[in-house]
Every structure is written in C-alpha cells, then in structure tokens.
file structure03.txt (compact mmCIF, C-alpha atoms)
# COMPACT_ATOMS: atom_id res chain seq x y z
CA MET A 1 166.69 2.50 156.69
CA PRO A 2 166.77 6.23 155.76
CA ARG A 3 164.50 8.50 157.80
CA HIS A 4 162.88 11.86 157.13
CA LEU A 5 163.87 14.73 159.43
CA ASP A 6 160.58 14.74 161.37
CA GLU A 7 160.81 10.95 161.77
CA GLN A 8 164.31 11.38 163.11
CA ASP A 9 163.05 14.05 165.48
CA ASN A 10 160.28 11.75 166.72
CA LEU A 11 162.72 8.90 167.17
CA GLU A 12 165.08 11.08 169.20
CA ARG A 13 162.15 12.10 171.40
CA PHE A 14 161.17 8.47 171.91
CA LEU A 15 164.71 7.51 172.80
CA GLU A 16 164.98 10.39 175.24
CA GLU A 17 161.60 9.62 176.79
CA TYR A 18 162.36 5.92 177.21
CA GLY A 19 165.82 6.70 178.55
CA ARG A 20 164.30 8.59 181.49
CA PRO A 21 163.29 6.59 184.56
CA VAL A 22 159.53 6.46 185.13
CA SER A 23 158.65 8.82 187.96
CA ASP A 24 156.28 7.94 190.77
CA ALA A 25 153.97 10.69 189.53
CA ALA A 26 153.83 9.18 186.04
CA LYS A 27 153.14 5.75 187.54
CA HIS A 28 150.34 7.28 189.57
CA VAL A 29 148.74 8.73 186.42
CA GLU A 30 149.07 5.45 184.57
CA ARG A 31 147.65 3.41 187.43
CA ALA A 32 144.75 5.82 187.97
CA VAL A 33 143.72 6.04 184.31
CA LEU A 34 144.87 2.86 182.55
CA GLY A 35 145.02 0.38 185.43
CA HIS A 36 148.68 -0.56 185.05
CA GLU A 37 152.16 0.74 185.85
CA VAL A 38 154.30 -0.15 182.86
CA GLY A 39 155.67 3.31 182.29
CA LEU A 40 154.10 4.09 178.96
CA ASN A 41 152.53 7.05 177.33
CA GLY A 42 149.57 5.44 175.61
CA TYR A 43 145.84 4.91 175.76
CA THR A 44 145.34 1.15 176.15
CA THR A 45 143.64 0.17 179.38
CA VAL A 46 143.94 -3.24 181.03
CA GLU A 47 140.46 -4.12 179.73
CA GLN A 48 141.37 -3.13 176.18
CA ALA A 49 144.57 -5.18 176.37
CA GLY A 50 142.50 -8.15 177.53
CA ALA A 51 140.21 -7.69 174.51
CA LEU A 52 143.23 -7.97 172.21
CA GLY A 53 144.12 -11.30 173.81
CA THR A 54 140.58 -12.57 173.34
CA HIS A 55 140.56 -11.67 169.65
CA LEU A 56 143.95 -13.32 169.14
CA GLY A 57 142.85 -16.55 170.84
CA LEU A 58 146.21 -16.95 172.57
CA SER A 59 147.18 -20.14 174.41
CA HIS A 60 150.41 -21.51 175.89
CA ASP A 61 151.21 -22.95 172.44
CA SER A 62 151.03 -19.56 170.70
CA SER A 63 153.90 -17.39 169.58
CA LEU A 64 153.14 -13.66 169.83
CA LEU A 65 154.97 -10.68 168.37
CA ASP A 66 154.45 -7.28 170.00
CA VAL A 67 155.35 -4.64 167.41
CA GLY A 68 156.32 -1.24 168.81
CA ALA A 69 156.29 -2.80 172.26
CA GLY A 70 157.91 0.11 174.09
CA ARG A 71 158.19 -0.95 177.73
CA GLY A 72 156.25 -4.13 176.98
CA TRP A 73 152.60 -3.15 176.85
CA PRO A 74 150.38 -4.94 175.94
CA GLY A 75 152.54 -7.94 174.95
CA SER A 76 153.92 -8.72 178.39
CA HIS A 77 150.41 -8.58 179.86
CA LEU A 78 149.10 -11.01 177.23
CA ALA A 79 152.07 -13.35 177.71
CA ALA A 80 151.43 -13.41 181.44
CA LEU A 81 147.71 -14.15 180.88
CA SER A 82 148.10 -16.85 178.23
CA ALA A 83 151.58 -18.27 178.99
CA CYS A 84 152.40 -17.85 175.29
CA ARG A 85 155.87 -17.23 173.87
CA LEU A 86 156.58 -13.57 173.22
CA VAL A 87 158.92 -11.50 171.10
CA SER A 88 158.82 -7.75 171.82
CA SER A 89 160.22 -5.46 169.16
CA ASP A 90 160.89 -1.74 169.16
CA ILE A 91 163.69 0.72 168.53
CA PRO A 92 164.52 2.07 172.02
CA PHE A 93 166.79 -0.45 173.75
CA ASP A 94 166.06 1.07 177.17
CA ALA A 95 162.35 0.44 176.70
CA LEU A 96 162.89 -3.20 175.78
CA LYS A 97 165.11 -3.66 178.82
CA ALA A 98 162.22 -2.41 180.93
CA ALA A 99 159.91 -4.80 179.06
CA LYS A 100 162.15 -7.70 180.06
CA GLY A 101 161.83 -6.49 183.64
CA GLN A 102 158.03 -6.63 183.36
CA LEU A 103 158.24 -10.19 182.10
CA ALA A 104 160.60 -11.24 184.85
CA ALA A 105 158.20 -9.82 187.41
CA GLY A 106 155.42 -11.89 185.81
CA GLY A 107 157.59 -15.03 185.73
CA ALA A 108 157.53 -15.10 181.92
CA GLN A 109 161.14 -14.20 181.12
CA ASP A 110 162.01 -17.72 179.90
CA ARG A 111 159.36 -17.50 177.20
CA ALA A 112 160.22 -13.99 176.06
CA HIS A 113 162.75 -12.33 173.81
CA ALA A 114 163.30 -8.76 172.74
CA VAL A 115 164.49 -7.49 169.37
CA VAL A 116 165.74 -3.96 168.77
CA ALA A 117 164.31 -3.28 165.33
CA ASP A 118 162.53 -0.82 163.10
CA GLY A 119 159.08 -2.27 162.40
CA ARG A 120 159.59 -1.59 158.70
CA ALA A 121 162.44 -4.08 158.51
CA LEU A 122 161.96 -6.79 161.11
CA PRO A 123 164.95 -9.15 161.45
CA LEU A 124 162.58 -12.08 161.88
CA GLY A 125 161.73 -15.05 159.70
CA SER A 126 158.64 -15.18 157.51
CA ASN A 127 155.49 -16.98 158.72
CA ARG A 128 156.98 -17.27 162.17
CA PHE A 129 154.24 -16.03 164.52
CA ASP A 130 150.74 -17.20 165.36
CA ALA A 131 149.65 -13.76 166.50
CA LEU A 132 150.72 -10.16 166.38
CA VAL A 133 149.71 -7.29 168.63
CA HIS A 134 150.20 -3.51 168.52
CA ALA A 135 148.82 -0.46 170.28
CA ASP A 136 148.85 2.99 168.70
CA VAL A 137 151.86 2.14 166.57
CA PHE A 138 150.17 2.51 163.18
CA CYS A 139 148.76 5.93 163.98
CA MET B 1 155.41 -1.71 158.74
CA LEU B 2 152.13 -3.51 158.02
CA ARG B 3 153.79 -5.33 155.14
CA GLU B 4 156.41 -6.67 157.54
CA CYS B 5 153.69 -7.70 159.99
CA HIS B 6 151.98 -9.66 157.24
CA ARG B 7 155.26 -11.32 156.28
CA VAL B 8 156.19 -12.56 159.77
CA LEU B 9 152.68 -13.73 160.65
CA GLY B 10 152.02 -17.37 159.83
CA PRO B 11 149.14 -18.50 157.58
CA GLY B 12 145.92 -18.43 159.58
CA GLY B 13 147.50 -16.07 162.11
CA ARG B 14 145.81 -12.99 163.51
CA MET B 15 146.87 -9.43 164.16
CA ALA B 16 144.99 -7.25 166.65
CA GLY B 17 145.64 -3.72 167.75
CA TYR B 18 144.45 -0.19 168.37
CA VAL B 19 144.96 2.47 165.73
CA ILE B 20 144.53 6.25 165.93
CA HIS B 21 143.39 7.45 162.52
CA THR B 22 141.30 9.96 160.61
CA PRO B 23 137.83 9.32 159.18
CA LYS B 24 137.50 8.33 155.54
CA GLY B 25 136.93 11.05 152.96
CA LEU B 26 138.42 14.06 154.77
CA SER B 27 139.08 17.14 152.66
CA ALA B 28 142.73 18.16 152.27
CA THR B 29 142.15 21.03 154.71
CA ALA B 30 140.56 18.77 157.31
CA GLN B 31 143.37 16.23 156.87
CA ARG B 32 145.94 18.95 157.50
CA ARG B 33 144.06 20.02 160.62
CA ALA B 34 143.94 16.36 161.79
CA ASN B 35 147.68 16.07 161.24
CA GLU B 36 148.26 19.14 163.39
CA LEU B 37 146.12 17.80 166.22
CA GLY B 38 146.92 14.10 166.16
CA PRO B 39 149.98 11.92 166.64
CA SER B 40 152.81 12.53 164.18
CA ALA B 41 151.94 9.58 161.98
CA THR B 42 148.23 10.35 161.56
CA ALA B 43 149.16 11.61 158.10
CA ALA B 44 148.25 8.27 156.50
CA ALA B 45 145.26 9.13 154.34
CA ALA B 46 143.92 5.57 154.12
CA SER B 47 141.79 4.01 156.85
CA PRO B 48 143.43 1.24 158.94
CA ASP B 49 141.24 -1.48 157.44
CA ASP B 50 142.07 -0.35 153.90
CA LEU B 51 145.76 -0.27 154.81
CA ALA B 52 145.55 -3.79 156.24
CA ARG B 53 143.79 -5.06 153.10
CA SER B 54 146.34 -3.36 150.88
CA VAL B 55 149.13 -5.60 152.20
CA GLY B 56 147.09 -8.79 152.02
CA PHE B 57 145.28 -9.06 155.35
CA SER B 58 141.62 -9.94 155.56
CA VAL B 59 139.86 -7.63 158.00
CA ILE B 60 137.87 -9.50 160.62
CA LEU B 61 136.70 -6.65 162.84
CA VAL B 62 136.87 -2.87 163.03
CA GLU B 63 135.38 -1.44 166.22
CA ASP B 64 135.27 2.28 166.90
CA VAL B 65 136.55 2.88 170.44
CA THR B 66 136.77 6.67 170.12
CA PRO B 67 134.39 7.44 173.04
CA LEU B 68 136.66 5.53 175.46
CA PHE B 69 139.71 7.10 173.79
CA ARG B 70 138.25 10.53 174.58
CA THR B 71 137.49 9.56 178.17
CA THR B 72 141.02 8.19 178.58
CA CYS B 73 142.62 11.27 177.05
CA GLU B 74 140.65 13.57 179.32
CA ALA B 75 141.41 11.44 182.39
CA ILE B 76 145.16 11.48 181.62
CA LEU B 77 145.09 15.26 181.27
CA ARG B 78 143.24 15.61 184.57
CA ALA B 79 145.43 13.09 186.44
CA ARG B 80 148.62 14.75 185.14
CA GLY B 81 147.26 18.07 186.39
CA GLU B 82 146.78 16.60 189.85
CA VAL B 83 150.48 15.73 190.12
CA GLU B 84 151.69 18.67 188.05
CA ASP B 85 154.42 19.79 190.46
CA GLU B 86 156.00 16.33 190.60
CA LEU B 87 155.76 15.84 186.82
CA ARG B 88 157.30 19.24 186.11
CA VAL B 89 160.33 18.14 188.12
CA ALA B 90 160.49 14.63 186.64
CA GLU B 91 159.91 15.57 182.98
CA GLY B 92 161.18 19.13 182.96
CA PRO B 93 158.81 22.11 182.64
CA HIS B 94 159.03 22.31 178.85
CA ALA B 95 158.38 18.61 178.29
CA PHE B 96 155.51 18.71 180.78
CA GLU B 97 153.82 21.60 178.95
CA GLU B 98 154.42 19.97 175.60
CA GLU B 99 152.77 16.75 176.74
CA GLN B 100 149.77 18.60 178.16
CA GLN B 101 149.41 20.50 174.89
CA LYS B 102 149.60 17.25 172.95
CA LYS B 103 146.74 15.80 174.97
CA ARG B 104 144.65 18.97 174.62
CA ARG B 105 145.17 18.95 170.86
CA MET B 106 144.17 15.29 170.74
CA LEU B 107 140.93 16.11 172.58
CA GLU B 108 140.24 18.95 170.13
CA GLY B 109 140.78 16.57 167.23
CA ILE B 110 138.40 14.01 168.71
CA ASP B 111 135.75 16.65 169.41
CA GLU B 112 136.06 18.01 165.88
CA GLY B 113 135.50 14.51 164.52
CA LEU B 114 138.97 14.43 162.95
CA LEU B 115 140.61 11.78 165.13
CA LEU B 116 139.27 8.30 165.75
CA ARG B 117 140.64 5.27 167.55
CA SER B 118 139.66 1.80 166.40
CA LEU B 119 140.28 -1.78 167.39
CA VAL B 120 141.30 -3.59 164.21
CA VAL B 121 141.52 -7.38 164.01
CA ALA B 122 142.89 -8.85 160.79
CA GLY B 123 143.90 -12.29 159.61
CA LYS B 124 146.41 -13.77 157.22
CA GLN B 125 144.94 -16.27 154.83
CA GLY B 126 146.00 -19.83 155.31
CA ALA B 127 144.92 -23.43 155.52
CA GLY B 128 142.13 -23.80 158.05
CA SER B 129 142.02 -20.10 158.89
CA GLY B 130 138.56 -19.57 157.44
CA GLU B 131 139.56 -16.03 156.44
CA GLN B 132 138.49 -14.69 153.07
call {"tool": "encode", "arguments": {"input": "structure03.txt", "output": "structure tokens"}}
result
Amino acid sequence: MPRHLDEQDNLERFLEEYGRPVSDAAKHVERAVLGHEVGLNGYTTVEQAGALGTHLGLSHDSSLLDVGAGRGWPGSHLAALSACRLVSSDIPFDALKAAKGQLAAGGAQDRAHAVVADGRALPLGSNRFDALVHADVFC
Amino acid sequence: MLRECHRVLGPGGRMAGYVIHTPKGLSATAQRRANELGPSATAAAASPDDLARSVGFSVILVEDVTPLFRTTCEAILRARGEVEDELRVAEGPHAFEEEQQKKRRMLEGIDEGLLLRSLVVAGKQGAGSGEQ
C-alpha cells in the first residue's frame, strides 16, 4: 500500500523504536505509571485495559483481534484474563515477537498468533473475529 | 483501517478501544494547532464515533477519559524525568528530548481543549446482536 512521506517517516520511527530493547528505566516508567511492563509507549493503564475486556464480554470461546498491537498490549493481557484466542497484528515484526514473548510468559502462546500487517489491508478473512481491540491506533 | 476492522469482525461482534482525537467543530486554525500538538494521525477531522458509524458500526458507548489521559501524560513526563540519565543513555539524547517534547505538547493540547481521549465501544450488526 503506498504511503505518504510523513507516514513513511512515522513508520521508520516505529520500526526503530520497536527494534530497540526496552531499557530498565523505560520499564520503571511504565510500571510506575501504567501498572505493566510490556515495553510500550502508550497511555492505557491496567485498569483501562480491563475495562476494554469487560465491554467486549470475552470468554474462552472468543476470538480476539488486537489491531496495532505493538508489543502486545492490551491484547495479551485480555487473552491471559479471558483465555480467549488472540491474533495480534501490527507492522513492526520485532514488536510482535515481543508480544509472543508476553503470551508465552502468561501461558497463552498456544492460543495466540501474530500477523505482520498494515491495518488498512488485513490479510484475514471476513467475519472472522468475535471481538476487536485497539489502543491509540486510530488517533 | 476502521473499514478493515468492520470487515473482519463477525456479525454481532464488538470493537472496543481508546482513541485520541479532537473535539467536534474545531475551526481550521484550531485543527492545525491540534495537529501540531497531538499524535501524527490526529488530523482526522471527524470524531471517532462518526468515523465508526461511517463504515457501518453502531456506536454503543463513547466515554471521555481525557482527565485520566492528562494525569497519565503528566505522570509519564515526571517519571521519565526521574530516570532521565538512564533514558538519555538508552534512547539517545535527541530521542529522549524529542519524546519529552512530545509529551509536553500533548499536555498543552489537552489543556487548550484541543486533544481528547475517549473509550469507544462499537458493534457490528448481526443476528442476535441487539445493535441498531
């Protein structure tokens, strides 16, 4: 899909940011403010992530798509809470690898898949998911 | 992107998420200012609920969470300041400054009433969904 120059610039920044390991200092900030240590640069607290799960009514039978998942927040958290099946999608491969790590740590790796994809052209079938979650992706 | 979300979601399915956006009815000047202060994609002139409706979703809930967004933004800025030396090494001095500036601009945008954050819950019509 063709991109504008500023979009390309943003994408390169994202790729660079997600390619860097998460420092202990960054984890400290995330833990202190948001209540988790996923390695993201966002604004969704643990409580707010929980609220998303409540509104989605997730159960172990649900299939959830996390669009713009980055390192797996909030999808991996919701999959761990509800035992639902999860597909995480985003462009940076490094971020999705980290997301898989989060799921493995939560024992949910068998129910989870990751798809490297631009959210504007998802390589996924129609009518496939019961629920969809996102956080600060559609700014 | 929302169109794709609607396509892959099954009938009766729900989408929930947080969206940073501008208030409805901003003047062109205010919208430009919001674009300068907010995330790169804040340029969308339509509100998140209107955008969701435009691709076929029914909007179930829109809850303004801007006060907590402001608190979070401020807390991140403060916490990053507390470990500034370590972050300057980990991120590089330029990237560190850039990130701090980004957060300060975001706070300005919130305080000027130009940037909002909302929880938006929307549904895709389908048998038994009860959505209109």
call {"tool": "interface_residues", "arguments": {"input": "structure03.txt", "of": "chain B", "to": "chain A", "cutoff": "7 Å", "atoms": "only C-alpha atoms", "output": "list in words"}}
result
Met1, Glu4, Arg7, Val8, Leu9, Gly10, Pro11, Gly13, Arg14, Met15, Ala16, Gly17, Tyr18, Val19, Ile20, His21, Pro39, Ala41, Thr42, Phe69, Thr72, Ala75, Ile76, Ala79, Arg80, Val83, Glu86, Leu87 and Ala90 of chain B
call {"tool": "atom_distance", "arguments": {"input": "structure03.txt", "atom1": "atom CA of B:Gly81", "atom2": "atom CA of B:Glu36"}}
result
23.0 Å
call {"tool": "residues_around", "arguments": {"input": "structure03.txt", "residues": "B:Leu37", "least_positions_apart": "5", "cutoff": "7 Å", "atoms": "all atoms listed in the file", "output": "JSON, numbers by chain"}}
result
{"B": [105, 106, 109]}
call {"tool": "residues_around", "arguments": {"input": "structure03.txt", "residues": "A:Val116", "least_positions_apart": "4", "cutoff": "7 Å", "atoms": "all atoms listed in the file", "output": "PDB file with C-alpha atoms, in the coordinates of the input"}}
result
ATOM      1  CA  SER A  89     160.220  -5.460 169.160  1.00  0.00           C
ATOM      2  CA  ASP A  90     160.890  -1.740 169.160  1.00  0.00           C
ATOM      3  CA  ILE A  91     163.690   0.720 168.530  1.00  0.00           C
ATOM      4  CA  PRO A  92     164.520   2.070 172.020  1.00  0.00           C
ATOM      5  CA  PHE A  93     166.790  -0.450 173.750  1.00  0.00           C
TER       6      PHE A  93
END
call {"tool": "residues_around", "arguments": {"input": "structure03.txt", "residues": "A:Ala108", "least_positions_apart": "3", "cutoff": "12 Å", "atoms": "all atoms listed in the file", "output": "mmCIF file with C-alpha atoms, keeping the file's coordinate frame"}}
result
data_model
loop_
_atom_site.group_PDB
_atom_site.id
_atom_site.type_symbol
_atom_site.label_atom_id
_atom_site.label_comp_id
_atom_site.auth_asym_id
_atom_site.auth_seq_id
_atom_site.Cartn_x
_atom_site.Cartn_y
_atom_site.Cartn_z
ATOM 1 C CA HIS A 60 150.410 -21.510 175.890
ATOM 2 C CA GLY A 75 152.540 -7.940 174.950
ATOM 3 C CA SER A 76 153.920 -8.720 178.390
ATOM 4 C CA HIS A 77 150.410 -8.580 179.860
ATOM 5 C CA LEU A 78 149.100 -11.010 177.230
ATOM 6 C CA ALA A 79 152.070 -13.350 177.710
ATOM 7 C CA ALA A 80 151.430 -13.410 181.440
ATOM 8 C CA LEU A 81 147.710 -14.150 180.880
ATOM 9 C CA SER A 82 148.100 -16.850 178.230
ATOM 10 C CA ALA A 83 151.580 -18.270 178.990
ATOM 11 C CA CYS A 84 152.400 -17.850 175.290
ATOM 12 C CA ARG A 85 155.870 -17.230 173.870
ATOM 13 C CA LEU A 86 156.580 -13.570 173.220
ATOM 14 C CA VAL A 87 158.920 -11.500 171.100
ATOM 15 C CA ALA A 99 159.910 -4.800 179.060
ATOM 16 C CA LYS A 100 162.150 -7.700 180.060
ATOM 17 C CA GLY A 101 161.830 -6.490 183.640
ATOM 18 C CA GLN A 102 158.030 -6.630 183.360
ATOM 19 C CA LEU A 103 158.240 -10.190 182.100
ATOM 20 C CA ALA A 104 160.600 -11.240 184.850
ATOM 21 C CA ALA A 105 158.200 -9.820 187.410
ATOM 22 C CA ARG A 111 159.360 -17.500 177.200
ATOM 23 C CA ALA A 112 160.220 -13.990 176.060
ATOM 24 C CA HIS A 113 162.750 -12.330 173.810
#
call {"tool": "atom_distance", "arguments": {"input": "structure03.txt", "atom1": "atom CA of B:Arg33", "atom2": "atom CA of B:Ser54"}}
result
25.4 Å
call {"tool": "axis_aligned_box", "arguments": {"input": "structure03.txt", "around": "stretch 85-95 of chain B", "padding_each_side": "5 Å", "output": "lines of an AutoDock Vina configuration file"}}
result
center_x = 157.8
center_y = 18.5
center_z = 184.4
size_x = 16.8
size_y = 17.7
size_z = 22.3
call {"tool": "atom_distance", "arguments": {"input": "structure03.txt", "atom1": "atom CA of B:Lys24", "atom2": "atom CA of B:Leu61"}}
result
16.7 Å
call {"tool": "closest_residue", "arguments": {"input": "structure03.txt", "among": "B:Glu99, B:Arg53, B:Arg70, B:Leu116", "to": "B:Arg3", "atoms": "all atoms listed in the file"}}
result
B:Arg53
call {"tool": "closest_residue", "arguments": {"input": "structure03.txt", "among": "B:Arg88, B:Arg78, B:Lys103, B:His6", "to": "B:Gly123", "atoms": "all atoms listed in the file"}}
result
B:His6
